[in-house]
file model11.csv (CSV, C-alpha atoms)
chain,number,residue,atom,x,y,z
A,1,MET,CA,0.0,0.0,0.0
A,2,PRO,CA,2.7,2.6,0.9
A,3,ARG,CA,4.4,1.8,-2.4
A,4,ILE,CA,1.2,2.4,-4.4
A,5,LYS,CA,0.6,5.6,-2.5
A,6,ASN,CA,4.2,6.8,-3.4
A,7,VAL,CA,3.6,6.0,-7.0
A,8,LEU,CA,0.3,7.9,-7.0
A,9,ARG,CA,1.9,10.8,-5.3
A,10,GLU,CA,4.7,10.9,-7.9
A,11,VAL,CA,2.1,10.8,-10.7
A,12,ALA,CA,0.0,13.6,-9.1
A,13,GLY,CA,3.2,15.6,-8.6
A,14,LEU,CA,3.8,15.6,-12.4
A,15,PHE,CA,0.7,17.8,-12.8
A,16,VAL,CA,0.1,19.5,-9.5
A,17,ASP,CA,2.7,21.6,-7.8
A,18,ASP,CA,0.5,24.3,-6.4
A,19,GLY,CA,-3.0,23.1,-5.7
A,20,THR,CA,-4.7,26.5,-6.3
A,21,LEU,CA,-3.1,26.7,-9.8
A,22,ALA,CA,-4.4,23.2,-10.7
A,23,LEU,CA,-7.8,24.0,-9.3
A,24,ALA,CA,-8.1,27.3,-11.1
A,25,ILE,CA,-7.1,25.6,-14.5
A,26,THR,CA,-9.7,22.8,-13.9
A,27,LEU,CA,-12.5,25.3,-13.0
A,28,TRP,CA,-11.8,27.6,-16.0
A,29,VAL,CA,-11.8,24.7,-18.4
A,30,ALA,CA,-15.0,23.3,-16.8
A,31,LEU,CA,-16.7,26.7,-17.0
A,32,LEU,CA,-15.9,27.0,-20.7
A,33,TRP,CA,-17.1,23.4,-21.3
A,34,VAL,CA,-20.4,24.2,-19.5
A,35,ILE,CA,-20.9,27.4,-21.6
A,36,ARG,CA,-20.1,25.5,-24.8
A,37,ARG,CA,-22.7,22.8,-23.9
A,38,ARG,CA,-25.4,25.1,-22.6
A,39,PHE,CA,-25.3,27.8,-25.3
A,40,MET,CA,-24.7,25.8,-28.4
A,41,GLY,CA,-24.9,28.9,-30.6
A,42,PHE,CA,-22.1,30.6,-28.6
A,43,ALA,CA,-18.8,29.1,-29.3
A,44,PRO,CA,-16.1,30.7,-27.1
A,45,GLY,CA,-13.1,31.0,-29.3
A,46,GLY,CA,-9.7,29.4,-28.3
A,47,ALA,CA,-8.5,33.0,-27.7
A,48,ILE,CA,-10.8,33.2,-24.6
A,49,LEU,CA,-9.4,29.9,-23.3
A,50,PHE,CA,-5.8,31.1,-23.7
A,51,CYS,CA,-6.5,34.5,-22.1
A,52,GLY,CA,-8.1,32.9,-19.0
A,53,LEU,CA,-5.2,30.5,-18.6
A,54,ALA,CA,-2.7,33.4,-18.9
A,55,ILE,CA,-4.6,35.4,-16.3
A,56,ILE,CA,-4.6,32.4,-14.0
A,57,LEU,CA,-0.8,31.9,-14.3
A,58,ALA,CA,-0.2,35.7,-13.8
A,59,GLU,CA,-2.4,35.9,-10.7
A,60,ASN,CA,-0.8,32.8,-9.2
A,61,LEU,CA,2.8,34.0,-9.8
A,62,ILE,CA,2.2,37.6,-8.6
A,63,ARG,CA,0.5,36.4,-5.4
A,64,LEU,CA,3.3,34.0,-4.8
A,65,ALA,CA,6.0,36.6,-5.5
A,66,ARG,CA,4.4,39.0,-3.1
A,67,ARG,CA,4.2,36.3,-0.4
A,68,ARG,CA,7.7,34.9,-0.8
A,69,SER,CA,9.4,38.3,-0.8
A,70,LYS,CA,7.7,39.4,2.5
B,71,MET,CA,-7.7,17.3,-39.1
B,72,GLY,CA,-4.9,17.8,-41.6
B,73,THR,CA,-1.4,18.3,-40.0
B,74,SER,CA,0.6,21.2,-41.3
B,75,TRP,CA,4.4,21.3,-41.4
B,76,GLY,CA,4.3,24.1,-38.8
B,77,HIS,CA,2.4,21.7,-36.4
B,78,LEU,CA,4.8,18.8,-37.1
B,79,GLY,CA,7.9,21.0,-36.7
B,80,ALA,CA,6.6,22.5,-33.4
B,81,SER,CA,5.8,18.9,-32.2
B,82,ILE,CA,9.4,17.7,-32.9
B,83,VAL,CA,11.0,20.8,-31.2
B,84,ALA,CA,8.7,20.6,-28.2
B,85,SER,CA,9.2,16.9,-27.7
B,86,PHE,CA,13.0,17.1,-28.3
B,87,THR,CA,13.4,20.0,-25.8
B,88,ALA,CA,11.2,18.5,-23.1
B,89,SER,CA,12.8,15.1,-23.5
B,90,LEU,CA,16.3,16.6,-23.4
B,91,VAL,CA,15.6,18.1,-20.0
B,92,GLU,CA,14.3,14.8,-18.6
B,93,CYS,CA,17.2,12.8,-20.1
B,94,VAL,CA,19.8,15.1,-18.6
B,95,GLU,CA,18.2,14.7,-15.2
B,96,ALA,CA,18.2,10.9,-15.5
B,97,LEU,CA,21.7,10.8,-16.9
B,98,THR,CA,23.1,12.7,-13.8
B,99,VAL,CA,21.8,9.9,-11.4
B,100,VAL,CA,22.7,7.0,-13.8
B,101,LEU,CA,26.3,8.5,-14.0
B,102,ALA,CA,26.4,8.8,-10.2
B,103,VAL,CA,25.3,5.2,-9.8
B,104,GLY,CA,27.7,3.9,-12.4
B,105,SER,CA,30.7,5.8,-11.1
B,106,SER,CA,30.1,4.9,-7.5
B,107,ARG,CA,28.8,1.3,-7.7
B,108,GLY,CA,29.7,-0.1,-11.1
B,109,TRP,CA,28.4,0.3,-14.6
B,110,ARG,CA,27.0,-3.2,-15.2
B,111,SER,CA,24.1,-2.9,-12.7
B,112,ALA,CA,23.5,0.8,-13.5
B,113,LEU,CA,23.2,0.1,-17.2
B,114,THR,CA,21.1,-3.0,-16.7
B,115,GLY,CA,18.7,-1.0,-14.5
B,116,THR,CA,18.4,1.7,-17.1
B,117,ALA,CA,17.9,-0.8,-20.0
B,118,SER,CA,15.2,-2.7,-18.0
B,119,ALA,CA,13.3,0.6,-17.3
B,120,ILE,CA,13.5,1.6,-21.0
B,121,ALA,CA,12.2,-1.9,-22.0
B,122,LEU,CA,9.3,-1.7,-19.5
B,123,LEU,CA,8.4,1.8,-20.7
B,124,SER,CA,8.4,0.6,-24.3
B,125,LEU,CA,6.0,-2.2,-23.4
B,126,ILE,CA,3.7,0.3,-21.6
B,127,ILE,CA,3.8,2.5,-24.8
B,128,LEU,CA,2.9,-0.4,-27.0
B,129,LEU,CA,0.0,-1.6,-24.8
B,130,GLY,CA,-1.2,2.0,-23.9
B,131,GLY,CA,-0.9,3.2,-27.4
B,132,ARG,CA,-3.2,0.4,-28.7
B,133,ALA,CA,-5.8,1.1,-25.9
B,134,LEU,CA,-5.7,4.9,-26.7
B,135,THR,CA,-6.6,4.3,-30.4
B,136,ARG,CA,-9.9,2.9,-29.2
B,137,VAL,CA,-10.9,6.1,-27.4
B,138,PRO,CA,-12.5,8.9,-29.6
B,139,LEU,CA,-9.9,11.4,-30.6
B,140,HIS,CA,-11.7,14.5,-29.2
B,141,ILE,CA,-11.9,12.9,-25.8
B,142,VAL,CA,-8.2,12.0,-25.8
B,143,GLN,CA,-7.4,15.5,-26.9
B,144,PHE,CA,-9.5,17.1,-24.2
B,145,ILE,CA,-8.2,14.9,-21.3
B,146,VAL,CA,-4.6,15.0,-22.5
B,147,GLY,CA,-4.9,18.7,-23.2
B,148,VAL,CA,-6.0,19.5,-19.6
B,149,LEU,CA,-3.2,17.4,-18.2
B,150,LEU,CA,-0.7,19.0,-20.6
B,151,VAL,CA,-1.8,22.5,-19.6
B,152,MET,CA,-1.3,21.6,-15.9
B,153,PHE,CA,2.1,20.0,-16.7
B,154,GLY,CA,3.3,22.9,-18.9
B,155,LEU,CA,2.1,25.7,-16.7
B,156,ARG,CA,3.7,24.0,-13.7
B,157,TRP,CA,7.1,24.0,-15.6
B,158,LEU,CA,6.6,27.5,-16.8
B,159,ARG,CA,5.7,28.7,-13.3
B,160,LYS,CA,8.8,27.1,-11.7
B,161,ALA,CA,11.1,28.5,-14.4
B,162,ILE,CA,9.7,32.0,-13.9
B,163,LEU,CA,10.1,31.7,-10.2
B,164,ARG,CA,13.8,30.6,-10.7
B,165,SER,CA,14.5,33.4,-13.2
B,166,ALA,CA,13.1,35.9,-10.7
B,167,HIS,CA,15.3,34.4,-8.0
B,168,LEU,CA,12.4,33.3,-5.9
B,169,LEU,CA,13.4,29.6,-6.1
B,170,PRO,CA,16.9,28.2,-6.1
B,171,PHE,CA,18.3,26.9,-9.5
B,172,HIS,CA,18.5,23.2,-10.1
B,173,ASP,CA,22.2,22.2,-9.9
B,174,GLU,CA,23.2,18.9,-11.7
B,175,ASP,CA,26.6,19.0,-10.0
B,176,ALA,CA,25.0,19.1,-6.6
B,177,VAL,CA,22.6,16.3,-7.5
B,178,PHE,CA,25.5,14.2,-8.8
B,179,THR,CA,27.7,14.8,-5.6
B,180,LYS,CA,24.7,14.1,-3.3
B,181,SER,CA,23.8,10.9,-5.2
B,182,VAL,CA,27.4,9.6,-5.2
B,183,SER,CA,27.8,10.1,-1.4
B,184,THR,CA,24.4,8.5,-0.7
B,185,LEU,CA,25.2,5.5,-2.9
B,186,ASN,CA,28.6,5.1,-1.3
B,187,SER,CA,27.2,5.1,2.1
B,188,VAL,CA,24.9,2.1,1.3
B,189,SER,CA,26.4,-1.3,1.8
B,190,GLY,CA,25.6,-4.5,0.0
B,191,ARG,CA,27.8,-4.0,-3.1
B,192,SER,CA,29.1,-7.1,-4.8
B,193,ASP,CA,31.0,-7.7,-8.0
B,194,ALA,CA,28.3,-9.9,-9.5
B,195,TRP,CA,25.1,-8.1,-8.9
B,196,ASP,CA,24.4,-4.8,-7.1
B,197,LYS,CA,20.7,-4.5,-6.2
B,198,VAL,CA,21.0,-0.9,-5.0
B,199,ALA,CA,22.6,0.2,-8.2
B,200,PHE,CA,20.1,-1.6,-10.3
B,201,ALA,CA,17.1,-0.1,-8.3
B,202,ALA,CA,18.5,3.4,-8.3
B,203,SER,CA,19.1,3.6,-12.0
B,204,PHE,CA,15.8,1.7,-12.8
B,205,ASN,CA,13.8,4.1,-10.6
B,206,ILE,CA,15.2,7.3,-12.0
B,207,THR,CA,14.9,6.1,-15.6
B,208,MET,CA,11.3,5.0,-15.0
B,209,LEU,CA,10.4,8.4,-13.3
B,210,GLU,CA,12.0,10.6,-16.0
B,211,GLY,CA,11.1,8.2,-18.8
B,212,ALA,CA,7.4,8.2,-17.7
B,213,GLU,CA,7.4,12.0,-18.1
B,214,VAL,CA,8.9,11.6,-21.6
B,215,VAL,CA,6.2,9.0,-22.5
B,216,PHE,CA,3.5,11.4,-21.3
B,217,ILE,CA,5.1,14.3,-23.2
B,218,VAL,CA,5.3,12.3,-26.4
B,219,VAL,CA,1.7,11.0,-26.1
B,220,ALA,CA,0.4,14.4,-25.2
B,221,ILE,CA,2.2,16.3,-27.9
B,222,GLY,CA,1.3,13.6,-30.4
B,223,ALA,CA,-2.4,13.6,-29.5
B,224,GLY,CA,-3.4,14.9,-33.0
B,225,GLY,CA,-2.9,11.6,-34.8
B,226,THR,CA,-0.3,9.3,-36.2
B,227,ASN,CA,1.8,12.0,-37.9
B,228,THR,CA,2.1,14.2,-34.8
B,229,LEU,CA,2.8,11.1,-32.6
B,230,LEU,CA,5.6,10.0,-34.9
B,231,ALA,CA,7.0,13.5,-35.0
B,232,ALA,CA,6.9,13.7,-31.1
B,233,GLY,CA,8.5,10.2,-30.9
B,234,LEU,CA,11.2,11.3,-33.2
B,235,GLY,CA,12.0,14.4,-31.1
B,236,ALA,CA,12.2,12.2,-28.0
B,237,MET,CA,14.4,9.6,-29.7
B,238,VAL,CA,16.9,12.3,-30.9
B,239,ALA,CA,17.0,13.8,-27.4
B,240,LEU,CA,17.8,10.4,-25.9
B,241,LEU,CA,20.5,9.8,-28.5
B,242,VAL,CA,22.1,13.2,-27.9
B,243,VAL,CA,22.2,12.9,-24.1
B,244,SER,CA,23.4,9.3,-24.2
B,245,THR,CA,26.2,10.1,-26.6
B,246,LEU,CA,27.3,13.2,-24.6
B,247,GLY,CA,27.1,11.1,-21.4
B,248,LEU,CA,29.3,8.3,-22.9
B,249,MET,CA,31.8,10.9,-24.2
B,250,LEU,CA,32.0,13.1,-21.2
B,251,HIS,CA,31.3,10.7,-18.3
B,252,ARG,CA,30.0,13.5,-16.1
B,253,PRO,CA,26.8,15.5,-15.7
B,254,LEU,CA,25.8,17.9,-18.4
B,255,THR,CA,26.0,21.0,-16.3
B,256,ARG,CA,26.6,23.4,-19.2
B,257,ILE,CA,23.1,22.9,-20.6
B,258,PRO,CA,21.1,26.0,-19.5
B,259,GLU,CA,18.5,23.9,-17.7
B,260,ASN,CA,16.2,26.7,-16.5
B,261,ALA,CA,16.1,28.4,-19.9
B,262,LEU,CA,15.2,25.1,-21.4
B,263,LYS,CA,12.5,24.5,-18.8
B,264,PHE,CA,11.1,27.9,-19.5
B,265,VAL,CA,11.0,27.1,-23.3
B,266,VAL,CA,9.5,23.6,-22.6
B,267,GLY,CA,6.9,25.2,-20.3
B,268,VAL,CA,5.9,27.6,-23.0
B,269,LEU,CA,5.7,24.9,-25.7
B,270,LEU,CA,3.8,22.3,-23.6
B,271,SER,CA,1.3,25.0,-22.4
B,272,ALA,CA,0.7,26.1,-26.0
B,273,PHE,CA,0.1,22.5,-27.1
B,274,GLY,CA,-2.1,21.7,-24.1
B,275,THR,CA,-4.2,24.8,-24.7
B,276,PHE,CA,-4.6,23.9,-28.4
B,277,TRP,CA,-5.7,20.3,-27.5
B,278,VAL,CA,-8.2,21.5,-24.9
B,279,GLY,CA,-9.7,23.8,-27.5
B,280,GLU,CA,-9.8,21.0,-30.1
B,281,GLY,CA,-11.4,18.6,-27.6
B,282,MET,CA,-14.1,21.2,-26.8
B,283,ASP,CA,-14.5,22.0,-30.5
B,284,LEU,CA,-13.5,25.7,-29.9
B,285,GLU,CA,-12.7,27.8,-32.9
B,286,TRP,CA,-9.0,28.6,-33.6
B,287,PRO,CA,-8.1,31.3,-36.1
B,288,GLY,CA,-5.9,29.7,-38.8
B,289,ALA,CA,-6.6,26.1,-37.5
B,290,ASP,CA,-3.4,24.4,-36.3
B,291,TRP,CA,-1.3,27.3,-37.6
B,292,CYS,CA,-2.4,29.1,-34.4
B,293,ILE,CA,0.1,26.9,-32.4
B,294,PRO,CA,3.0,29.2,-33.2
B,295,GLY,CA,0.7,32.1,-32.1
B,296,LEU,CA,0.0,30.4,-28.8
B,297,ILE,CA,3.7,29.7,-28.3
B,298,ALA,CA,4.4,33.4,-29.0
B,299,GLY,CA,1.6,34.4,-26.6
B,300,TYR,CA,2.9,32.2,-23.7
B,301,LEU,CA,6.5,33.3,-24.3
B,302,ALA,CA,5.5,37.0,-24.1
B,303,ILE,CA,3.5,36.4,-20.9
B,304,GLY,CA,6.3,34.3,-19.4
B,305,LEU,CA,8.9,37.0,-20.0
B,306,MET,CA,6.7,39.7,-18.8
B,307,LEU,CA,6.0,37.7,-15.6
B,308,VAL,CA,9.7,37.2,-15.0
B,309,LEU,CA,10.2,41.0,-15.0
B,310,ILE,CA,7.1,41.6,-12.8
B,311,CYS,CA,8.1,39.0,-10.2
B,312,ARG,CA,11.8,40.3,-10.2
B,313,ARG,CA,10.5,43.8,-9.6
B,314,LEU,CA,8.1,42.7,-6.9
B,315,SER,CA,10.8,40.7,-5.2
B,316,LEU,CA,13.3,43.6,-5.3
B,317,THR,CA,10.7,46.2,-4.2
B,318,GLN,CA,9.7,44.2,-1.2
B,319,ARG,CA,13.3,43.4,-0.2
B,320,GLY,CA,14.2,47.1,-0.7
B,321,SER,CA,11.4,48.3,1.6
B,322,ILE,CA,12.4,45.6,4.2
B,323,GLY,CA,16.1,46.8,3.9
B,324,ALA,CA,15.1,50.4,4.3
B,325,GLY,CA,12.9,49.5,7.3
B,326,ASN,CA,15.8,47.6,8.9
B,327,ALA,CA,18.2,50.5,8.2
B,328,ALA,CA,15.7,52.9,9.9
B,329,ASP,CA,15.5,50.6,12.9
call {"tool": "encode", "arguments": {"input": "model11.csv", "output": "C-alpha cells"}}
result
Amino acid sequence: MPRIKNVLREVAGLFVDDGTLALAITLWVALLWVIRRRFMGFAPGGAILFCGLAIILAENLIRLARRRSK
Amino acid sequence: MGTSWGHLGASIVASFTASLVECVEALTVVLAVGSSRGWRSALTGTASAIALLSLIILLGGRALTRVPLHIVQFIVGVLLVMFGLRWLRKAILRSAHLLPFHDEDAVFTKSVSTLNSVSGRSDAWDKVAFAASFNITMLEGAEVVFIVVAIGAGGTNTLLAAGLGAMVALLVVSTLGLMLHRPLTRIPENALKFVVGVLLSAFGTFWVGEGMDLEWPGADWCIPGLIAGYLAIGLMLVLICRRLSLTQRGSIGAGNAAD
C-alpha cells in the first residue's frame, strides 16, 4: 500500500505543484465546457481559453512573488 | 484534421526540448550510480526501465486508439496544460530568484555520497545500483512518455514527430554522457525548462480547444501564435516577479536601516 501511495503521489506531482493553480485551471476549463454545452450557438473561441489560462498563471505568480518576498 | 508542417515542426521541437531536460536529469543519477557502484548494474537497471516503458507505450498506445480522438485531446490537453504551466511557473520563479536553481553537479555529488554510504555491493550483482538507475529512468522516462503521447495527440503523424524528437534527445544525451562521463552542467536547464513550459502549455491549450470544439483562427497554424503568446507572458511575468521581489526586499532593507 505505501508503495502504491508513493507511485500515485509521484504521478500527481507531475501535474500538481500548487493546488490552487491546478484547481483554477480545472475550474476555468470546466466553465468554458459548460458554456459550450449550454449555449450551443455561442462558441467561445480558443483565444478566450488562452486569455483565461494566462490570467490564472499571472495571478498565481504575482500572489506567490508577493508572499515569498515578504 | 490535416497536419501542417508548422504543427509537425513544433511537435518535434517541443518533444525534443522537453525530453532533453528529462534525459539530462536521468543521466546525472545514472552516472552517479555507475561511477560509485559499477556500470553493469547501473546500465542493466536503465535498460530494464526503458524496456518496461516501451512495453507500456505499446499496450497503452493500442488502448488509446480505441478512445474517440476529441476525448483523448481534451483529457490529454487538460493534463498537458497543468504539466506545462507547472514547468513555466517554476522556471519563472527561478528566473526571478524566488526559487533556487537546479544544480546537476550538486545532485551528482549528493547521489554519489548517498550511494557510497549504502552497503551490499558485490561484483556480480548490485541490487542498490540496479534499483537506483531503474527508478530514475522510470520516473523521468514516464514523463517523456507522457510528453510524447500528449504532444502527439493529434494523430499518427504528430505522434511519430513527437516520438522522433524524444528519440533524438535520448541519443544526444546518451552520446554526450558516454563521451564526457560527467553530468551535463553546461546545458542552460532553467532556460530550457522555460521554453519547454511555453511549448507544452501552448500544445495543451490547443488540444483542450480541439477537444471542446472551440474555434481557432488559422486552424493548427495558431500553435505558433499560442507559443508566442505564452512566451511574451512568461517573459513579462519574470520582469514583474523580479521587480516585486526587489521592491519588497528594498522596503524591508530600508525598514531595517531605519531601525
call {"tool": "residues_around", "arguments": {"input": "model11.csv", "residues": "stretch 9-14 of chain A", "least_positions_apart": "4", "cutoff": "9 Å", "atoms": "all atoms listed in the file", "output": "PyMOL selection string"}}
result
(chain A and resi 4-5) or (chain B and resi 152-153+156+209+213)
call {"tool": "write_last_selection", "arguments": {"input": "model11.csv", "atoms": "C-alpha atoms", "output": "short mmCIF file (atom, residue, chain, number, x, y, z; two decimals), keeping the file's coordinate frame"}}
result
data_model
loop_
_atom_site.label_atom_id
_atom_site.label_comp_id
_atom_site.auth_asym_id
_atom_site.auth_seq_id
_atom_site.Cartn_x
_atom_site.Cartn_y
_atom_site.Cartn_z
CA ILE A 4 1.20 2.40 -4.40
CA LYS A 5 0.60 5.60 -2.50
CA MET B 152 -1.30 21.60 -15.90
CA PHE B 153 2.10 20.00 -16.70
CA ARG B 156 3.70 24.00 -13.70
CA LEU B 209 10.40 8.40 -13.30
CA GLU B 213 7.40 12.00 -18.10
#
call {"tool": "interface_residues", "arguments": {"input": "model11.csv", "of": "chain A", "to": "chain B", "cutoff": "6 Å", "atoms": "all atoms listed in the file", "output": "mmCIF file with C-alpha atoms, in the coordinates of the input"}}
result
data_model
loop_
_atom_site.group_PDB
_atom_site.id
_atom_site.type_symbol
_atom_site.label_atom_id
_atom_site.label_comp_id
_atom_site.auth_asym_id
_atom_site.auth_seq_id
_atom_site.Cartn_x
_atom_site.Cartn_y
_atom_site.Cartn_z
ATOM 1 C CA PHE A 15 0.700 17.800 -12.800
ATOM 2 C CA GLY A 45 -13.100 31.000 -29.300
ATOM 3 C CA GLY A 46 -9.700 29.400 -28.300
ATOM 4 C CA ALA A 65 6.000 36.600 -5.500
ATOM 5 C CA SER A 69 9.400 38.300 -0.800
#
call {"tool": "closest_residue", "arguments": {"input": "model11.csv", "among": "B:Ala239, B:Ala298, B:Leu134, B:Ala84", "to": "B:Thr226", "atoms": "all atoms listed in the file"}}
result
B:Leu134
call {"tool": "residues_around", "arguments": {"input": "model11.csv", "residues": "B:Gly224", "least_positions_apart": "4", "cutoff": "12 Å", "atoms": "all atoms listed in the file", "output": "VMD selection string"}}
result
chain B and resid 71 to 74 77 to 78 81 135 138 to 144 146 to 147 218 to 220 228 to 232 273 to 274 276 to 278 280 to 281 290
call {"tool": "atom_distance", "arguments": {"input": "model11.csv", "atom1": "atom CA of B:Trp291", "atom2": "atom CA of B:Trp75"}}
result
9.1 Å
call {"tool": "residues_around", "arguments": {"input": "model11.csv", "residues": "stretch 98-105 of chain B", "least_positions_apart": "2", "cutoff": "7 Å", "atoms": "only C-alpha atoms", "output": "list in words"}}
result
Val94, Glu95, Ala96, Arg107, Gly108, Trp109, Ala112, Glu174, Phe178, Ser181, Val182, Leu185, Ala199, Ser203, His251, Arg252 and Pro253 of chain B
call {"tool": "decode", "arguments": {"input": "model11.csv", "residues": "stretch 158-167 of chain B", "atoms": "all heavy atoms", "output": "PDB file, in the first residue's frame"}}
result
ATOM      1  N   LEU B 158       6.451  26.103 -16.473  1.00  0.00           N
ATOM      2  CA  LEU B 158       6.649  27.524 -16.770  1.00  0.00           C
ATOM      3  C   LEU B 158       6.682  28.342 -15.477  1.00  0.00           C
ATOM      4  O   LEU B 158       7.543  29.212 -15.305  1.00  0.00           O
ATOM      5  CB  LEU B 158       5.512  28.006 -17.689  1.00  0.00           C
ATOM      6  CG  LEU B 158       5.606  29.423 -18.236  1.00  0.00           C
ATOM      7  CD1 LEU B 158       6.911  29.655 -18.982  1.00  0.00           C
ATOM      8  CD2 LEU B 158       4.428  29.726 -19.160  1.00  0.00           C
ATOM      9  N   ARG B 159       5.780  28.016 -14.568  1.00  0.00           N
ATOM     10  CA  ARG B 159       5.704  28.721 -13.285  1.00  0.00           C
ATOM     11  C   ARG B 159       7.018  28.581 -12.514  1.00  0.00           C
ATOM     12  O   ARG B 159       7.563  29.561 -12.000  1.00  0.00           O
ATOM     13  CB  ARG B 159       4.536  28.119 -12.489  1.00  0.00           C
ATOM     14  CG  ARG B 159       4.344  28.639 -11.095  1.00  0.00           C
ATOM     15  CD  ARG B 159       3.115  27.954 -10.498  1.00  0.00           C
ATOM     16  NE  ARG B 159       3.005  28.218  -9.084  1.00  0.00           N
ATOM     17  CZ  ARG B 159       3.640  27.538  -8.153  1.00  0.00           C
ATOM     18  NH1 ARG B 159       4.461  26.549  -8.499  1.00  0.00           N
ATOM     19  NH2 ARG B 159       3.477  27.840  -6.884  1.00  0.00           N
ATOM     20  N   LYS B 160       7.538  27.351 -12.459  1.00  0.00           N
ATOM     21  CA  LYS B 160       8.789  27.101 -11.732  1.00  0.00           C
ATOM     22  C   LYS B 160       9.954  27.842 -12.390  1.00  0.00           C
ATOM     23  O   LYS B 160      10.798  28.421 -11.708  1.00  0.00           O
ATOM     24  CB  LYS B 160       9.102  25.597 -11.714  1.00  0.00           C
ATOM     25  CG  LYS B 160       8.859  24.978 -10.368  1.00  0.00           C
ATOM     26  CD  LYS B 160       9.398  23.571 -10.340  1.00  0.00           C
ATOM     27  CE  LYS B 160       9.123  22.946  -8.993  1.00  0.00           C
ATOM     28  NZ  LYS B 160       9.379  21.515  -8.993  1.00  0.00           N
ATOM     29  N   ALA B 161      10.001  27.797 -13.731  1.00  0.00           N
ATOM     30  CA  ALA B 161      11.104  28.469 -14.448  1.00  0.00           C
ATOM     31  C   ALA B 161      11.043  29.977 -14.227  1.00  0.00           C
ATOM     32  O   ALA B 161      12.085  30.625 -14.065  1.00  0.00           O
ATOM     33  CB  ALA B 161      11.019  28.147 -15.932  1.00  0.00           C
ATOM     34  N   ILE B 162       9.829  30.539 -14.179  1.00  0.00           N
ATOM     35  CA  ILE B 162       9.687  31.985 -13.941  1.00  0.00           C
ATOM     36  C   ILE B 162      10.157  32.316 -12.524  1.00  0.00           C
ATOM     37  O   ILE B 162      10.896  33.281 -12.315  1.00  0.00           O
ATOM     38  CB  ILE B 162       8.212  32.428 -14.165  1.00  0.00           C
ATOM     39  CG1 ILE B 162       7.855  32.331 -15.652  1.00  0.00           C
ATOM     40  CG2 ILE B 162       7.988  33.847 -13.654  1.00  0.00           C
ATOM     41  CD1 ILE B 162       6.383  32.510 -15.961  1.00  0.00           C
ATOM     42  N   LEU B 163       9.737  31.499 -11.559  1.00  0.00           N
ATOM     43  CA  LEU B 163      10.143  31.748 -10.164  1.00  0.00           C
ATOM     44  C   LEU B 163      11.665  31.660 -10.011  1.00  0.00           C
ATOM     45  O   LEU B 163      12.269  32.424  -9.260  1.00  0.00           O
ATOM     46  CB  LEU B 163       9.457  30.747  -9.219  1.00  0.00           C
ATOM     47  CG  LEU B 163       7.957  30.962  -8.996  1.00  0.00           C
ATOM     48  CD1 LEU B 163       7.359  29.813  -8.206  1.00  0.00           C
ATOM     49  CD2 LEU B 163       7.689  32.276  -8.288  1.00  0.00           C
ATOM     50  N   ARG B 164      12.295  30.721 -10.745  1.00  0.00           N
ATOM     51  CA  ARG B 164      13.759  30.590 -10.681  1.00  0.00           C
ATOM     52  C   ARG B 164      14.422  31.794 -11.347  1.00  0.00           C
ATOM     53  O   ARG B 164      15.383  32.339 -10.816  1.00  0.00           O
ATOM     54  CB  ARG B 164      14.214  29.293 -11.356  1.00  0.00           C
ATOM     55  CG  ARG B 164      13.955  28.096 -10.477  1.00  0.00           C
ATOM     56  CD  ARG B 164      14.582  26.826 -11.027  1.00  0.00           C
ATOM     57  NE  ARG B 164      14.403  25.740 -10.071  1.00  0.00           N
ATOM     58  CZ  ARG B 164      13.920  24.554 -10.375  1.00  0.00           C
ATOM     59  NH1 ARG B 164      13.583  24.271 -11.614  1.00  0.00           N
ATOM     60  NH2 ARG B 164      13.792  23.627  -9.446  1.00  0.00           N
ATOM     61  N   SER B 165      13.892  32.203 -12.496  1.00  0.00           N
ATOM     62  CA  SER B 165      14.473  33.361 -13.189  1.00  0.00           C
ATOM     63  C   SER B 165      14.329  34.628 -12.349  1.00  0.00           C
ATOM     64  O   SER B 165      15.151  35.530 -12.449  1.00  0.00           O
ATOM     65  CB  SER B 165      13.779  33.583 -14.534  1.00  0.00           C
ATOM     66  OG  SER B 165      13.945  32.459 -15.333  1.00  0.00           O
ATOM     67  N   ALA B 166      13.271  34.698 -11.550  1.00  0.00           N
ATOM     68  CA  ALA B 166      13.051  35.883 -10.694  1.00  0.00           C
ATOM     69  C   ALA B 166      13.764  35.731  -9.342  1.00  0.00           C
ATOM     70  O   ALA B 166      13.562  36.550  -8.452  1.00  0.00           O
ATOM     71  CB  ALA B 166      11.554  36.081 -10.481  1.00  0.00           C
ATOM     72  N   HIS B 167      14.574  34.692  -9.208  1.00  0.00           N
ATOM     73  CA  HIS B 167      15.335  34.397  -7.984  1.00  0.00           C
ATOM     74  C   HIS B 167      14.435  34.170  -6.766  1.00  0.00           C
ATOM     75  O   HIS B 167      14.821  34.462  -5.637  1.00  0.00           O
ATOM     76  CB  HIS B 167      16.347  35.515  -7.686  1.00  0.00           C
ATOM     77  CG  HIS B 167      17.221  35.814  -8.866  1.00  0.00           C
ATOM     78  ND1 HIS B 167      18.124  34.894  -9.356  1.00  0.00           N
ATOM     79  CD2 HIS B 167      17.293  36.897  -9.668  1.00  0.00           C
ATOM     80  CE1 HIS B 167      18.721  35.425 -10.423  1.00  0.00           C
ATOM     81  NE2 HIS B 167      18.230  36.627 -10.631  1.00  0.00           N
TER      82      HIS B 167
END
